[in-house]
Every structure is written in structure tokens, then in C-alpha cells.
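Undergrad: Would you mind keeping the following structure in view while I ask a few things?
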Amino acid sequence: MSTQLLGHKPARQAPGVSLHPQITLQLGRVHEACGPARRSFAMWLASQTQGPVLWISPAWEPGQLNPDGMMAFADPARFIFVQPTRAEDLLWCLEEALRSGAIPLIVGDLPGAPGLTPIRRMHLAAEQGGAMGRAPLGLLLTPGDGGAQGVETRWHMAATHRDEARIW
């Protein structure tokens, strides 16, 4: 009698956005990007998806995205910008956008890393958003080295440009 060993691969792959043949960002989850090139990573991720992109950032932050710089990655017309005036509304907007399931990519450009409870609430909201169809992808952009607890994946993005080639 032969025995079957269990493999490390899941029985079926969870849907996601493929970054590389071996790397996929799972839909219905919240991921984090930190580092100086985190916004470029979000733009590149937007180019890998279809449909609108919701970009949530605080109204008190002086830096805004430049449409001319966005053109190399994605059409600026796909972006919907939301700028809450209160800090507690940032996470609320993210959670409600994920729960709606209406937008495939929701980017939260945050001034700092949120705690474990808001991240867990966002995961649950993203799962609910996927109940009606394709699950949304949540991406939190945090300054410095990030550190949001409970995110599905964390990416530290920095440029290592060589000659005229853009390399991350």
C-alpha cells in the first residue's frame, strides 16, 4: 500500500494579482508597502489591475500625486481621490471601500501604521466585499519601515536605478 505525502501547496490557488511567477498578492486581504518608493509600487500595482482605483490620503498632507508622473504607470482618469479631514475617518473610509466590493484596488496612503484591530476589521471587510464577486485588494502605504500588525504581506520598496533603467 502506498502513502501520499501532503504537499506544501494549497489545493487550489487563491485569486490574486501576480507580481512574479512565484509571488501573488492575494485578493480579499490587506497588504502593506513602505519605504521611499511605496507610491511607485502602488502605481505599478494599479497598472496590473483593471477598473477604478480609490486612493485615500489625509487632507492635511501637503504632498499630492502628480498626474504627469502617474501617466507612465496608469491612466490618471482611473483614480478617485478621497481626502478625509479627520484621522479616524481614514481607516473608516478604507474599511467601507473594501466592504463595498465596488472597486478592485483601494490604496490607503497613511501617515503611520495602524494597529492590529483596524487591520483585522479591514481583512473582514475585504472578505465581505468579495462575497458579491471579485474580492478587492487593499494596499496600505506607510512611511519609514512600516510595521502594521496583521497585514497579509509587507513590502519595503526602494529604488536601485542603474543607468536609465528603472529597477526596484
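Residues are named by chain letter and number: chains run A, B, ... in the order of the C-alpha cells, numbers start at 1 in each chain, and ligands are numbered from 1 in the order shown.
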Which of chain A counts as helix (DSSP H, G or I) under DSSP, as number ranges by chain please?
TA: A: 38-47, 67-70, 76-78, 87-100, 116-132
Undergrad: Determine which residues of chain A DSSP labels as strand (DSSP E) from the backbone of this structure, then write them out as JSON, numbers by chain.
TA: {"A": [16, 17, 18, 19, 20, 23, 24, 25, 26, 30, 31, 32, 33, 34, 53, 54, 55, 56, 79, 80, 81, 82, 105, 106, 107, 108, 109, 137, 138, 139, 140, 141, 142, 154, 155, 156]}
Undergrad: Env of region 64-81 of chain A: 7 Å cut, atoms = only C-alpha atoms, seq-sep filter 6 positions within chain, self excluded. Answer as a PyMOL selection string.
TA: chain A and resi 43-44+46-47+51-56
Undergrad: Sorted by chain and rising residue number, which residues of region 56-135 of chain A lie within 12 Å of region 15-26 of chain A, and what are their closest atom pairs and distances in Å to one decimal, counting only C-alpha atoms, as a Markdown table?
TA:
| residue | atom | partner | partner_atom | distance |
| --- | --- | --- | --- | --- |
| A:Pro104 | CA | A:Val17 | CA | 10.6 |
| A:Leu105 | CA | A:Val17 | CA | 10.3 |
| A:His123 | CA | A:Gln26 | CA | 11.3 |
| A:Ala126 | CA | A:Gln26 | CA | 10.9 |
| A:Glu127 | CA | A:Gln26 | CA | 11.1 |
| A:Gly130 | CA | A:Pro15 | CA | 10.8 |
| A:Gly133 | CA | A:Pro15 | CA | 11.7 |
| A:Arg134 | CA | A:Pro15 | CA | 8.8 |
| A:Ala135 | CA | A:Pro15 | CA | 8.6 |
Undergrad: Taking only residues of region 63-131 of chain A that have an atom at most 8 Å from an atom of region 137-150 of chain A, what is each one's shortest atom pair and its distance in Å to one decimal, using only C-alpha atoms, in chain and number order, as CSV?
TA:
residue,atom,partner,partner_atom,distance
A:Leu98,CA,A:Gly138,CA,7.1
A:Pro104,CA,A:Leu137,CA,6.0
A:Leu105,CA,A:Leu137,CA,5.0
A:Ile106,CA,A:Gly138,CA,5.0
A:Val107,CA,A:Leu139,CA,4.8
A:Gly108,CA,A:Leu140,CA,4.7
A:Asp109,CA,A:Leu141,CA,4.7
A:Leu110,CA,A:Thr142,CA,5.5
A:Pro111,CA,A:Thr142,CA,6.4
A:Gly112,CA,A:Thr142,CA,5.6
A:Ala113,CA,A:Ala148,CA,4.8
A:Pro114,CA,A:Ala148,CA,5.7
A:Gly115,CA,A:Gln149,CA,6.1
A:Leu116,CA,A:Gln149,CA,5.1
A:Ile119,CA,A:Gly150,CA,6.2
A:Arg120,CA,A:Gly150,CA,6.8
A:Ala126,CA,A:Leu137,CA,7.4
